[in-house]
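Enquirer: Data: input13.csv, CSV, N, CA and C atoms and all ligand atoms.
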```
chain,number,residue,atom,x,y,z
A,28,MET,N,3.4,-14.7,-8.8
A,28,MET,CA,3.2,-13.4,-9.4
A,28,MET,C,3.6,-12.3,-8.5
A,29,GLU,N,4.2,-11.3,-9.0
A,29,GLU,CA,4.6,-10.2,-8.1
A,29,GLU,C,3.4,-9.3,-7.8
A,30,SER,N,3.4,-8.8,-6.5
A,30,SER,CA,2.3,-7.9,-6.1
A,30,SER,C,2.1,-6.7,-7.1
A,31,LYS,N,3.3,-6.2,-7.6
A,31,LYS,CA,3.2,-5.1,-8.5
A,31,LYS,C,2.4,-5.4,-9.8
A,32,GLU,N,2.6,-6.6,-10.2
A,32,GLU,CA,1.9,-7.1,-11.4
A,32,GLU,C,0.4,-7.2,-11.2
A,33,VAL,N,0.1,-7.7,-10.0
A,33,VAL,CA,-1.3,-7.8,-9.6
A,33,VAL,C,-2.0,-6.5,-9.6
A,34,VAL,N,-1.3,-5.5,-9.0
A,34,VAL,CA,-1.9,-4.1,-9.0
A,34,VAL,C,-2.1,-3.6,-10.4
A,35,GLU,N,-1.1,-3.9,-11.3
A,35,GLU,CA,-1.2,-3.4,-12.7
A,35,GLU,C,-2.4,-4.0,-13.4
A,36,ILE,N,-2.6,-5.3,-13.2
A,36,ILE,CA,-3.7,-6.1,-13.8
A,36,ILE,C,-5.1,-5.5,-13.3
A,37,ILE,N,-5.1,-5.3,-12.0
A,37,ILE,CA,-6.4,-4.7,-11.4
A,37,ILE,C,-6.7,-3.4,-12.0
A,38,GLN,N,-5.6,-2.5,-12.1
A,38,GLN,CA,-5.8,-1.2,-12.7
A,38,GLN,C,-6.3,-1.3,-14.1
A,39,ALA,N,-5.7,-2.2,-14.9
A,39,ALA,CA,-6.1,-2.4,-16.3
A,39,ALA,C,-7.5,-2.9,-16.3
A,40,GLY,N,-7.9,-3.8,-15.4
A,40,GLY,CA,-9.2,-4.4,-15.4
A,40,GLY,C,-10.3,-3.3,-15.1
A,41,LEU,N,-9.9,-2.3,-14.3
A,41,LEU,CA,-10.9,-1.3,-14.0
A,41,LEU,C,-11.3,-0.5,-15.3
A,42,ALA,N,-10.5,-0.5,-16.3
A,42,ALA,CA,-10.8,0.3,-17.5
A,42,ALA,C,-11.5,-0.6,-18.6
A,43,TRP,N,-11.6,-1.9,-18.3
A,43,TRP,CA,-12.1,-2.8,-19.4
A,43,TRP,C,-13.6,-2.7,-19.7
A,44,ALA,N,-14.4,-2.4,-18.6
A,44,ALA,CA,-15.8,-2.5,-18.8
A,44,ALA,C,-16.5,-1.5,-18.0
A,45,ASN,N,-17.8,-1.4,-18.2
A,45,ASN,CA,-18.6,-0.5,-17.4
A,45,ASN,C,-19.1,-1.2,-16.1
A,46,TRP,N,-18.2,-1.3,-15.2
A,46,TRP,CA,-18.4,-2.0,-13.9
A,46,TRP,C,-19.5,-1.2,-13.1
A,47,THR,N,-20.2,-1.9,-12.3
A,47,THR,CA,-21.1,-1.2,-11.4
A,47,THR,C,-20.3,-0.5,-10.3
A,48,GLU,N,-20.9,0.4,-9.6
A,48,GLU,CA,-20.1,1.1,-8.5
A,48,GLU,C,-19.6,0.1,-7.5
A,49,ASN,N,-20.4,-0.9,-7.1
A,49,ASN,CA,-19.9,-1.9,-6.2
A,49,ASN,C,-18.7,-2.7,-6.7
A,50,GLN,N,-18.8,-3.1,-8.0
A,50,GLN,CA,-17.7,-3.8,-8.6
A,50,GLN,C,-16.5,-3.0,-8.6
A,51,ARG,N,-16.6,-1.7,-9.0
A,51,ARG,CA,-15.5,-0.8,-9.1
A,51,ARG,C,-14.8,-0.7,-7.7
A,52,GLU,N,-15.7,-0.5,-6.7
A,52,GLU,CA,-15.2,-0.3,-5.3
A,52,GLU,C,-14.4,-1.6,-4.9
A,53,ALA,N,-14.9,-2.8,-5.3
A,53,ALA,CA,-14.3,-4.0,-4.9
A,53,ALA,C,-12.9,-4.1,-5.5
A,54,PHE,N,-12.8,-3.7,-6.8
A,54,PHE,CA,-11.5,-3.7,-7.5
A,54,PHE,C,-10.5,-2.8,-6.7
A,55,ILE,N,-11.0,-1.6,-6.3
A,55,ILE,CA,-10.1,-0.6,-5.7
A,55,ILE,C,-9.6,-1.1,-4.3
A,56,ILE,N,-10.6,-1.7,-3.6
A,56,ILE,CA,-10.2,-2.3,-2.2
A,56,ILE,C,-9.2,-3.4,-2.4
A,57,ALA,N,-9.4,-4.3,-3.3
A,57,ALA,CA,-8.5,-5.4,-3.6
A,57,ALA,C,-7.1,-4.8,-4.0
A,58,GLY,N,-7.1,-3.8,-4.9
A,58,GLY,CA,-5.9,-3.2,-5.3
A,58,GLY,C,-5.1,-2.6,-4.2
A,59,GLU,N,-5.8,-1.9,-3.3
A,59,GLU,CA,-5.1,-1.3,-2.1
A,59,GLU,C,-4.5,-2.3,-1.2
A,60,ALA,N,-5.2,-3.5,-1.0
A,60,ALA,CA,-4.8,-4.5,-0.1
A,60,ALA,C,-3.5,-5.1,-0.7
A,61,VAL,N,-3.5,-5.4,-2.0
A,61,VAL,CA,-2.3,-6.0,-2.6
A,61,VAL,C,-1.1,-4.9,-2.6
A,62,ARG,N,-1.5,-3.7,-2.9
A,62,ARG,CA,-0.4,-2.6,-2.9
A,62,ARG,C,0.3,-2.6,-1.5
A,63,LYS,N,-0.4,-2.8,-0.4
A,63,LYS,CA,0.2,-2.8,0.9
A,63,LYS,C,1.2,-4.0,1.1
A,64,GLN,N,1.1,-5.0,0.2
A,64,GLN,CA,2.1,-6.1,0.3
A,64,GLN,C,3.4,-5.7,-0.4
A,65,ILE,N,3.4,-4.6,-1.1
A,65,ILE,CA,4.7,-4.2,-1.7
A,65,ILE,C,5.4,-3.3,-0.7
A,66,PRO,N,6.6,-3.8,-0.3
A,66,PRO,CA,7.3,-3.0,0.8
A,66,PRO,C,7.6,-1.6,0.4
A,67,GLN,N,7.3,-0.7,1.2
A,67,GLN,CA,7.5,0.8,1.0
A,67,GLN,C,8.5,1.2,2.0
A,68,ARG,N,9.5,2.1,1.6
A,68,ARG,CA,10.5,2.6,2.5
A,68,ARG,C,9.8,3.5,3.5
A,69,VAL,N,10.2,3.4,4.8
A,69,VAL,CA,9.7,4.3,5.8
A,69,VAL,C,10.2,5.7,5.5
A,70,ILE,N,9.4,6.7,6.0
A,70,ILE,CA,9.7,8.1,5.8
A,70,ILE,C,10.1,8.7,7.1
A,71,LYS,N,10.7,9.9,7.0
A,71,LYS,CA,11.0,10.6,8.2
A,71,LYS,C,10.1,11.8,8.3
A,72,ILE,N,9.4,12.0,9.4
A,72,ILE,CA,8.6,13.1,9.6
A,72,ILE,C,9.3,14.1,10.6
A,73,GLU,N,9.6,15.2,10.2
A,73,GLU,CA,10.4,16.2,10.9
A,73,GLU,C,9.8,16.4,12.3
A,74,GLY,N,10.6,16.2,13.4
A,74,GLY,CA,10.1,16.6,14.7
A,74,GLY,C,9.2,15.5,15.4
A,75,ILE,N,8.7,14.6,14.6
A,75,ILE,CA,7.8,13.6,15.2
A,75,ILE,C,8.4,12.2,15.2
A,76,SER,N,8.9,11.7,14.1
A,76,SER,CA,9.4,10.4,14.0
A,76,SER,C,10.4,10.2,12.9
A,77,SER,N,11.4,9.4,13.1
A,77,SER,CA,12.4,9.2,12.1
A,77,SER,C,12.0,8.0,11.2
A,78,GLN,N,11.0,7.2,11.7
A,78,GLN,CA,10.5,6.0,11.0
A,78,GLN,C,9.0,6.1,11.0
A,79,ALA,N,8.4,6.5,9.9
A,79,ALA,CA,7.0,6.6,9.8
A,79,ALA,C,6.5,5.9,8.6
A,80,CYS,N,5.3,5.4,8.6
A,80,CYS,CA,4.7,4.7,7.5
A,80,CYS,C,4.4,5.7,6.4
A,81,PRO,N,4.9,5.3,5.1
A,81,PRO,CA,4.7,6.3,4.0
A,81,PRO,C,3.2,6.3,3.6
A,82,THR,N,2.4,5.4,4.0
A,82,THR,CA,1.0,5.4,3.6
A,82,THR,C,0.1,6.2,4.5
A,83,CYS,N,0.2,6.0,5.9
A,83,CYS,CA,-0.7,6.7,6.8
A,83,CYS,C,0.1,7.6,7.8
A,84,LYS,N,1.4,7.7,7.6
A,84,LYS,CA,2.2,8.6,8.4
A,84,LYS,C,2.3,8.3,9.9
A,85,SER,N,1.9,7.1,10.3
A,85,SER,CA,2.1,6.7,11.7
A,85,SER,C,3.5,6.3,12.0
A,86,SER,N,3.9,6.5,13.2
A,86,SER,CA,5.2,6.0,13.7
A,86,SER,C,5.3,4.5,13.7
A,87,VAL,N,6.3,3.9,13.1
A,87,VAL,CA,6.4,2.5,13.0
A,87,VAL,C,7.8,2.0,13.4
A,88,ASN,N,7.8,0.7,13.7
A,88,ASN,CA,9.1,0.0,13.9
A,88,ASN,C,9.1,-1.5,13.6
A,89,GLY,N,8.0,-1.9,13.1
A,89,GLY,CA,7.9,-3.4,12.7
A,89,GLY,C,7.9,-3.6,11.2
A,90,LYS,N,7.7,-4.9,10.9
A,90,LYS,CA,7.8,-5.2,9.4
A,90,LYS,C,6.6,-4.7,8.7
A,91,TYR,N,5.5,-4.6,9.4
A,91,TYR,CA,4.3,-4.1,8.8
A,91,TYR,C,3.8,-2.9,9.7
A,92,CYS,N,3.1,-1.9,9.1
A,92,CYS,CA,2.5,-0.8,9.9
A,92,CYS,C,1.4,-1.4,10.7
A,93,SER,N,1.3,-1.2,12.0
A,93,SER,CA,0.3,-1.7,12.8
A,93,SER,C,-1.0,-1.0,12.7
A,94,PHE,N,-1.0,0.2,12.0
A,94,PHE,CA,-2.2,1.0,11.8
A,94,PHE,C,-2.9,0.7,10.5
A,95,CYS,N,-2.2,0.6,9.4
A,95,CYS,CA,-2.8,0.4,8.1
A,95,CYS,C,-2.4,-0.9,7.4
A,96,GLY,N,-1.4,-1.6,7.9
A,96,GLY,CA,-1.0,-2.9,7.3
A,96,GLY,C,0.0,-2.8,6.2
A,97,GLN,N,0.5,-1.6,5.9
A,97,GLN,CA,1.5,-1.4,4.9
A,97,GLN,C,2.8,-2.2,5.2
A,98,LYS,N,3.3,-3.0,4.3
A,98,LYS,CA,4.5,-3.7,4.4
A,98,LYS,C,5.7,-2.6,4.3
A,99,LEU,N,6.6,-2.7,5.2
A,99,LEU,CA,7.7,-1.7,5.3
A,99,LEU,C,9.1,-2.2,5.0
A,100,ARG,N,9.9,-1.3,4.5
A,100,ARG,CA,11.3,-1.6,4.5
A,100,ARG,C,12.1,-0.4,5.1
A,101,TYR,N,13.3,-0.8,5.6
A,101,TYR,CA,14.1,0.2,6.3
A,101,TYR,C,15.4,0.5,5.6
A,102,ARG,N,16.0,1.6,5.9
A,102,ARG,CA,17.3,1.9,5.3
A,102,ARG,C,18.3,0.8,5.9
A,103,SER,N,19.3,0.4,5.0
A,103,SER,CA,20.1,-0.7,5.4
A,103,SER,C,21.2,-0.2,6.3
A,104,THR,N,21.3,1.0,6.7
A,104,THR,CA,22.4,1.5,7.6
A,104,THR,C,22.0,1.2,9.1
B,1,ZN,ZN,0.5,2.8,7.9
```
Please render this file's structure as structure tokens.
Ligand SMILES: [Zn+2]

Expert:
Amino acid sequence: MESKEVVEIIQAGLAWANWTENQREAFIIAGEAVRKQIPQRVIKIEGISSQACPTCKSSVNGKYCSFCGQKLRYRST
């Protein structure tokens, strides 16, 4: 199953019932963890970094952001 599909199912699940606050929080944490497995293109922050994490804006150069765990992809050039 694709991570994107997992995120969609979790989001749909959030709306299905009157979850407790704890249950709702667990869904959101799980959704964010899976979302970080979907590669996001690095962004350029003017004057600071040409390769920054789109999630937490930290400077990155690895396959994953070492600060928040976001999976990253880079321009093919
Ligand atoms: Zn990050």

Enquirer: Calculate how many Å separate atom C of Glu29 (chain A) from CA of Ala79 (chain A), rounding to one decimal.

Expert: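 Going from atom C of Glu29 (chain A) over to CA of Ala79 (chain A), I get 24.0 Å.
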
Enquirer: Name the closest residue to ligand ZN 1 (chain B) among the candidates A:Glu52, A:Arg100, A:Gly89, A:Lys84; distances are taken between atoms, counting only C-alpha atoms and all ligand atoms.

Expert: A:Lys84

Enquirer: So which one's closest to Val69 (chain A), A:Leu99, A:Met28, A:Ala44, A:Ala53? Using only C-alpha atoms, please.

Expert: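 For Val69 (chain A), the nearest of the given residues is A:Leu99.
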
Enquirer: Can you work out which residues are within 10 Å of ligand ZN 1 (chain B), considering only C-alpha atoms and all ligand atoms, and then hand them over as number ranges by chain?

Expert: A: 63, 69, 79-87, 91-99

Enquirer: How would you write, as a ChimeraX atom specification, the set of residues in chain A that DSSP gives as helix (DSSP H, G or I)?

Expert: /A:30-43,48-62

Enquirer: Find the residues around region 31-39 of chain A up to 8 Å (all atoms listed in the file counted), leave out those fewer than 6 positions away in its own chain, and share them as a PyMOL selection string.

Expert: chain A and resi 54-55+57-59+61-62+64-65

Enquirer: Run DSSP on the backbone and grab whatever in chain A lands in strand (DSSP E or B); send it over as a PyMOL selection string.

Expert: chain A and resi 67-68+70-72+76-79+86+91+98-100

Enquirer: Emit the selected residues as a JSON list (two decimals), in the frame of the given file, including N, CA and C atoms.

Expert:
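What landed in selection00.json:
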```json
[["chain", "number", "residue", "atom", "x", "y", "z"],
["A", 67, "GLN", "N", 7.30, -0.70, 1.20],
["A", 67, "GLN", "CA", 7.50, 0.80, 1.00],
["A", 67, "GLN", "C", 8.50, 1.20, 2.00],
["A", 68, "ARG", "N", 9.50, 2.10, 1.60],
["A", 68, "ARG", "CA", 10.50, 2.60, 2.50],
["A", 68, "ARG", "C", 9.80, 3.50, 3.50],
["A", 70, "ILE", "N", 9.40, 6.70, 6.00],
["A", 70, "ILE", "CA", 9.70, 8.10, 5.80],
["A", 70, "ILE", "C", 10.10, 8.70, 7.10],
["A", 71, "LYS", "N", 10.70, 9.90, 7.00],
["A", 71, "LYS", "CA", 11.00, 10.60, 8.20],
["A", 71, "LYS", "C", 10.10, 11.80, 8.30],
["A", 72, "ILE", "N", 9.40, 12.00, 9.40],
["A", 72, "ILE", "CA", 8.60, 13.10, 9.60],
["A", 72, "ILE", "C", 9.30, 14.10, 10.60],
["A", 76, "SER", "N", 8.90, 11.70, 14.10],
["A", 76, "SER", "CA", 9.40, 10.40, 14.00],
["A", 76, "SER", "C", 10.40, 10.20, 12.90],
["A", 77, "SER", "N", 11.40, 9.40, 13.10],
["A", 77, "SER", "CA", 12.40, 9.20, 12.10],
["A", 77, "SER", "C", 12.00, 8.00, 11.20],
["A", 78, "GLN", "N", 11.00, 7.20, 11.70],
["A", 78, "GLN", "CA", 10.50, 6.00, 11.00],
["A", 78, "GLN", "C", 9.00, 6.10, 11.00],
["A", 79, "ALA", "N", 8.40, 6.50, 9.90],
["A", 79, "ALA", "CA", 7.00, 6.60, 9.80],
["A", 79, "ALA", "C", 6.50, 5.90, 8.60],
["A", 86, "SER", "N", 3.90, 6.50, 13.20],
["A", 86, "SER", "CA", 5.20, 6.00, 13.70],
["A", 86, "SER", "C", 5.30, 4.50, 13.70],
["A", 91, "TYR", "N", 5.50, -4.60, 9.40],
["A", 91, "TYR", "CA", 4.30, -4.10, 8.80],
["A", 91, "TYR", "C", 3.80, -2.90, 9.70],
["A", 98, "LYS", "N", 3.30, -3.00, 4.30],
["A", 98, "LYS", "CA", 4.50, -3.70, 4.40],
["A", 98, "LYS", "C", 5.70, -2.60, 4.30],
["A", 99, "LEU", "N", 6.60, -2.70, 5.20],
["A", 99, "LEU", "CA", 7.70, -1.70, 5.30],
["A", 99, "LEU", "C", 9.10, -2.20, 5.00],
["A", 100, "ARG", "N", 9.90, -1.30, 4.50],
["A", 100, "ARG", "CA", 11.30, -1.60, 4.50],
["A", 100, "ARG", "C", 12.10, -0.40, 5.10]]
```

Enquirer: Please report the interatomic distance between CA of Ala60 (chain A) and CA of Ile75 (chain A) in Å with one decimal.

Expert: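 CA of Ile75 (chain A) lies at a distance of 26.8 Å from CA of Ala60 (chain A).
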
Enquirer: Record the distance separating CA of Tyr101 (chain A) and atom C of Gln67 (chain A), expressed in Å with one decimal.

Expert: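 It comes out at 7.1 Å.
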
Enquirer: Padding 4 Å on each side, edges along x, y and z: where is the centre of the box around the listed atoms of region 83-98 of chain A, and how long are its edges in Å to one decimal? Output it as AutoDock Vina command-line options.

Expert:
```
--center_x 3.1 --center_y 1.7 --center_z 9.1 --size_x 20.0 --size_y 21.8 --size_z 17.6
```
